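Enquirer: Please find one structure pasted underneath; my questions will follow.
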Amino acid sequence: MKCIVVSNRKGGSAKSTTAVSLASELAKDSSVLLIDLDTQGHATLGVGVDIAEKNGAHSVFLGSNLSETFLHSVSENLTVSPALSFFDVYEYSDLRGVLKNRFKKEKIADFFDYVIIDTAPTFDALLKNALEVADTIVIPFVPHHLGVVAVNQMVRAIYQTSSKREVAEVYMLPVMYNPHINEHQVSVQKVRDAYGDEKVMSPIGVDIKLASQFESALPLVLDSKRSKGQKDYKKFTLDLIKRIS
Ligand SMILES: Nc1ncnc2c1ncn2[C@@H]1O[C@H](COP(=O)(O)OP(=O)(O)OP(=O)(O)O)[C@@H](O)[C@H]1O
Ligand SMILES: [Mg+2]
């Protein structure tokens, strides 16, 4: 089992879009669990499931088993642990290692080929729990100056929270990329220069269908009609799997 965490402290950088697309694309051939650790629940909605009011992913921090939260999604091989709305992480003092412990106790690795975790744009105990179980971290970023700053901040946060031996592989994914915009080219190049070409995935272009998929609750990569967003996320998924396996 490989656990891939999609994360960036910057809001609106296509984390949920990437988590939904990656999980749905992988589920075409593999058994996948999507854990929605963002109480906004956008990834949950993206795979055709309602945000939980009582029992969701965040219930593990209240003592539930992770597997008790599992629901079927729109895709056959894709199980979802939906976000629990209104869970307030700041009400609890020590949440370290909770998810890692659940993974171990419930032998999650025996049941899924991939676990994808969507995270909120905050640096809190939930994000730390996700980083603790990550084999791979994908940082989607919008390629402009603050997007690059956010990538650097996120990488520093990852290194600060990991012990040297346990550091996950990190990949950056440019999103909403327009090759005709100079700022986009320059920003992607800065990230390549800083982390190496092999760490920067081929970009996802702008495609409004990636936004409307959340309304239709059908992940774009599963839509029978071909589109740019579908093609880009398929390529990204294949490239990522090659790099991490
Ligand atoms: N490639 C794209 N083309 C067009 N729109 C996109 C693309 N990627 C994401 N979007 C849209 O941009 C917005 C932000 O994306 P998304 O919700 O995935 O970001 P996020 O990082 O999960 O946000 P948050 O920080 O709030 O969790 C959404 O409305 C989404 O539908
Ligand atoms: Mg999101």
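Convention: chains lettered A, B, ... in structure tokens order; per-chain residue numbering from 1; ligands numbered from 1 as shown.
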Can you list every residue of chain A that has an atom at most 6 Å from ligand 1, with its nearest atom pair and the distance in Å to one decimal, using only C-alpha atoms and all ligand atoms, ordered by chain then number, as a tab-separated table?

Expert:
residue	atom	partner	partner_atom_place_in_ligand_line	distance
A:Gly11	CA	ligand 1	25 (O)	3.1
A:Gly12	CA	ligand 1	23 (O)	3.4
A:Ser13	CA	ligand 1	21 (O)	3.7
A:Ala14	CA	ligand 1	18 (O)	3.2
A:Lys15	CA	ligand 1	22 (O)	3.7
A:Ser16	CA	ligand 1	22 (O)	3.7
A:Thr17	CA	ligand 1	18 (O)	3.7
A:Ala120	CA	ligand 1	27 (O)	5.2
A:Pro121	CA	ligand 1	25 (O)	4.6
A:Val175	CA	ligand 1	1 (N)	5.5
A:Met176	CA	ligand 1	1 (N)	4.2
A:Ile204	CA	ligand 1	1 (N)	5.5
A:Gly205	CA	ligand 1	1 (N)	5.1
A:Val206	CA	ligand 1	3 (N)	3.6
A:Asp207	CA	ligand 1	3 (N)	3.9
A:Ile208	CA	ligand 1	4 (C)	4.5
A:Leu210	CA	ligand 1	6 (C)	5.3
A:Ala211	CA	ligand 1	31 (O)	3.0

Enquirer: Determine, counting only C-alpha atoms, which protein, DNA and RNA residues have an atom within 12 Å of an atom of A:Thr18; residues of the same chain fewer than 5 positions away are not included. Present the result as a ChimeraX atom specification.

Expert: /A:4-8,12-13,23-26,34,42-43,46-47,116-119,137-141,172-176,203-204,210-211,219-221,229-230,232-234,236-237

Enquirer: Selected residues, C-alpha atoms, written as a tab-separated table (two decimals), in the first residue's frame, please.

Expert:
chain	number	residue	atom	x	y	z
A	4	ILE	CA	-0.30	9.71	-0.97
A	5	VAL	CA	-1.13	12.93	0.88
A	6	VAL	CA	-2.25	15.96	-1.13
A	7	SER	CA	-1.27	19.07	0.74
A	8	ASN	CA	-0.54	22.77	0.58
A	12	GLY	CA	-7.49	27.15	-3.39
A	13	SER	CA	-4.49	25.37	-4.86
A	23	ALA	CA	-8.10	8.62	-6.32
A	24	SER	CA	-10.64	8.10	-9.13
A	25	GLU	CA	-8.02	7.49	-11.79
A	26	LEU	CA	-6.16	4.98	-9.58
A	34	LEU	CA	-9.87	8.36	-0.09
A	42	HIS	CA	-14.98	19.04	-0.92
A	43	ALA	CA	-13.21	15.80	-1.86
A	46	GLY	CA	-16.36	15.21	-5.50
A	47	VAL	CA	-16.75	11.43	-5.30
A	116	ILE	CA	-5.18	9.20	-0.82
A	117	ILE	CA	-5.62	11.89	1.83
A	118	ASP	CA	-7.01	15.35	1.12
A	119	THR	CA	-6.00	17.97	3.67
A	137	ILE	CA	3.28	14.03	-0.59
A	138	VAL	CA	1.92	15.89	-3.60
A	139	ILE	CA	1.94	19.69	-3.37
A	140	PRO	CA	-0.32	21.20	-6.03
A	141	PHE	CA	0.44	24.88	-6.61
A	172	MET	CA	5.12	19.37	-6.84
A	173	LEU	CA	2.23	19.69	-9.30
A	174	PRO	CA	1.61	22.95	-11.18
A	175	VAL	CA	-2.14	23.47	-11.56
A	176	MET	CA	-4.32	25.87	-13.57
A	203	PRO	CA	1.23	20.62	-15.27
A	204	ILE	CA	-2.56	20.52	-15.14
A	210	LEU	CA	-12.63	20.30	-13.28
A	211	ALA	CA	-14.67	22.86	-11.34
A	219	PRO	CA	-15.12	12.82	-11.15
A	220	LEU	CA	-14.04	14.19	-14.53
A	221	VAL	CA	-11.56	11.35	-15.05
A	229	GLY	CA	-8.48	18.18	-17.44
A	230	GLN	CA	-9.14	14.48	-17.74
A	232	ASP	CA	-3.82	16.03	-17.72
A	233	TYR	CA	-4.81	14.20	-14.53
A	234	LYS	CA	-4.47	10.82	-16.24
A	236	PHE	CA	-0.10	13.00	-13.86
A	237	THR	CA	-1.39	9.81	-12.20

Enquirer: Skip A:Pro82 itself and residues of its chain fewer than 2 positions away, then list as an mmCIF file with C-alpha atoms, in the first residue's frame all residues within 9 Å of it, counting only C-alpha atoms.

Expert:
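Printed below is part_8.cif as written:
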data_model
loop_
_atom_site.group_PDB
_atom_site.id
_atom_site.type_symbol
_atom_site.label_atom_id
_atom_site.label_comp_id
_atom_site.auth_asym_id
_atom_site.auth_seq_id
_atom_site.Cartn_x
_atom_site.Cartn_y
_atom_site.Cartn_z
ATOM 1 C CA LEU A 34 -9.874 8.361 -0.089
ATOM 2 C CA ILE A 35 -9.689 9.985 3.353
ATOM 3 C CA ASP A 36 -11.083 13.506 3.538
ATOM 4 C CA LEU A 37 -9.355 15.278 6.423
ATOM 5 C CA THR A 39 -13.934 19.505 7.264
ATOM 6 C CA GLY A 41 -15.592 18.061 2.678
ATOM 7 C CA ALA A 43 -13.215 15.798 -1.861
ATOM 8 C CA THR A 44 -16.105 13.871 -0.273
ATOM 9 C CA LEU A 45 -18.601 15.740 -2.485
ATOM 10 C CA VAL A 49 -20.828 11.239 -1.114
ATOM 11 C CA ASP A 50 -22.470 13.536 1.473
ATOM 12 C CA ILE A 51 -20.314 15.203 4.121
ATOM 13 C CA ALA A 52 -20.722 13.281 7.388
ATOM 14 C CA ASN A 55 -19.381 9.496 11.636
ATOM 15 C CA GLY A 56 -16.582 10.605 9.358
ATOM 16 C CA ALA A 57 -12.811 10.544 9.001
ATOM 17 C CA HIS A 58 -12.398 12.950 11.906
ATOM 18 C CA THR A 69 -16.411 5.485 8.618
ATOM 19 C CA PHE A 70 -16.016 3.795 5.218
ATOM 20 C CA LEU A 71 -18.641 4.436 2.531
ATOM 21 C CA VAL A 80 -14.278 7.035 1.004
ATOM 22 C CA LEU A 84 -16.938 15.139 9.431
#

Enquirer: Got a sec: who's within 12 Å of A:Phe112, counting only C-alpha atoms, leaving out chain neighbours fewer than 3 positions off, as a list of chain:residue names?

Expert: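 Non-adjacent residues within range: A:Met1, A:Lys2, A:Cys3, A:Ala23, A:Leu26, A:Ala27, A:Asp29, A:Ser30, A:Ser31, A:Val32, A:Leu33, A:Leu34, A:Ser67, A:Asn77, A:Leu78, A:Thr79, A:Val80, A:Phe103, A:Glu106, A:Lys107, A:Ile108, A:Ala109, A:Val115, A:Ile116.
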
Enquirer: Just checking: using only C-alpha atoms, which residue out of A:Glu76, A:Asp38, A:Asp124, A:Glu68 ends up closest to A:Asp94?

Expert: A:Asp124

Enquirer: Going by DSSP on the backbone, which bits of stretch 127-161 of chain A are strand (DSSP E)? Write them as a PyMOL selection string, please.

Expert: chain A and resi 136-141

Enquirer: Using N, CA and C atoms, can you export the residues from the last selection as a PDB file, in the first residue's frame?

Expert:
ATOM      1  N   THR A 136       4.181   9.410   0.221  1.00  0.00           N
ATOM      2  CA  THR A 136       4.395  10.416  -0.822  1.00  0.00           C
ATOM      3  C   THR A 136       3.526  11.619  -0.515  1.00  0.00           C
ATOM      4  N   ILE A 137       4.074  12.804  -0.762  1.00  0.00           N
ATOM      5  CA  ILE A 137       3.278  14.026  -0.590  1.00  0.00           C
ATOM      6  C   ILE A 137       3.255  14.764  -1.923  1.00  0.00           C
ATOM      7  N   VAL A 138       2.063  15.101  -2.378  1.00  0.00           N
ATOM      8  CA  VAL A 138       1.922  15.893  -3.602  1.00  0.00           C
ATOM      9  C   VAL A 138       1.511  17.306  -3.189  1.00  0.00           C
ATOM     10  N   ILE A 139       2.273  18.284  -3.655  1.00  0.00           N
ATOM     11  CA  ILE A 139       1.936  19.692  -3.368  1.00  0.00           C
ATOM     12  C   ILE A 139       1.468  20.341  -4.675  1.00  0.00           C
ATOM     13  N   PRO A 140       0.143  20.481  -4.844  1.00  0.00           N
ATOM     14  CA  PRO A 140      -0.320  21.204  -6.030  1.00  0.00           C
ATOM     15  C   PRO A 140      -0.117  22.700  -5.777  1.00  0.00           C
ATOM     16  N   PHE A 141       0.281  23.427  -6.812  1.00  0.00           N
ATOM     17  CA  PHE A 141       0.443  24.877  -6.613  1.00  0.00           C
ATOM     18  C   PHE A 141       0.085  25.638  -7.875  1.00  0.00           C
TER      19      PHE A 141
END

Enquirer: From the list A:Gln189, A:Gln40, A:Asn178, A:Ser59, which residue is nearest A:Arg102 when using only C-alpha atoms?

Expert: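 Checking each of A:Gln189, A:Gln40, A:Asn178, A:Ser59 against A:Arg102, counting only C-alpha atoms, the winner is A:Ser59.
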
Enquirer: Using DSSP on the backbone coordinates, identify all residues within stretch 21-182 of chain A classified as helix (DSSP H, G or I); present the result as a ChimeraX atom specification.

Expert: /A:21-26,42-46,57-62,67-69,89-91,98-105,108-111,125-133,145-161,164-166,182

Enquirer: Which residue, A:His184, A:Ser73, A:Tyr171, A:Ala83, has the smallest gap to ligand 2 when you use only C-alpha atoms and all ligand atoms?

Expert: A:Ala83

Enquirer: Just give me the gap between atom CA of A:Thr122 and atom CA of A:Arg9 in Å, one decimal is fine.

Expert: 5.1 Å

Enquirer: Counting only C-alpha atoms, what is within 9 Å of A:Ala168, bar same-chain residues fewer than 4 positions away, as a PDB file with C-alpha atoms, in the first residue's frame?

Expert:
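Output file part_30.pdb follows:
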ATOM      1  CA  LEU A 131       2.100  13.617   7.142  1.00  0.00           C
ATOM      2  CA  GLU A 132       2.844  10.864   9.671  1.00  0.00           C
ATOM      3  CA  VAL A 133       1.263   8.224   7.428  1.00  0.00           C
ATOM      4  CA  ALA A 134       2.471   9.639   4.091  1.00  0.00           C
ATOM      5  CA  ASP A 135       4.767   7.692   1.794  1.00  0.00           C
ATOM      6  CA  THR A 136       4.395  10.416  -0.822  1.00  0.00           C
ATOM      7  CA  ILE A 137       3.278  14.026  -0.590  1.00  0.00           C
ATOM      8  CA  ILE A 158       7.216  18.755   5.980  1.00  0.00           C
ATOM      9  CA  SER A 162       9.435  14.450   9.906  1.00  0.00           C
TER      10      SER A 162
END

Enquirer: Tell me which of A:Val167, A:Ala217, A:Ile241, A:Ala19 sits closest to ligand 2, counting only C-alpha atoms and all ligand atoms.

Expert: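 Once distances to ligand 2 are computed over only C-alpha atoms and all ligand atoms, the minimum belongs to A:Ala19.
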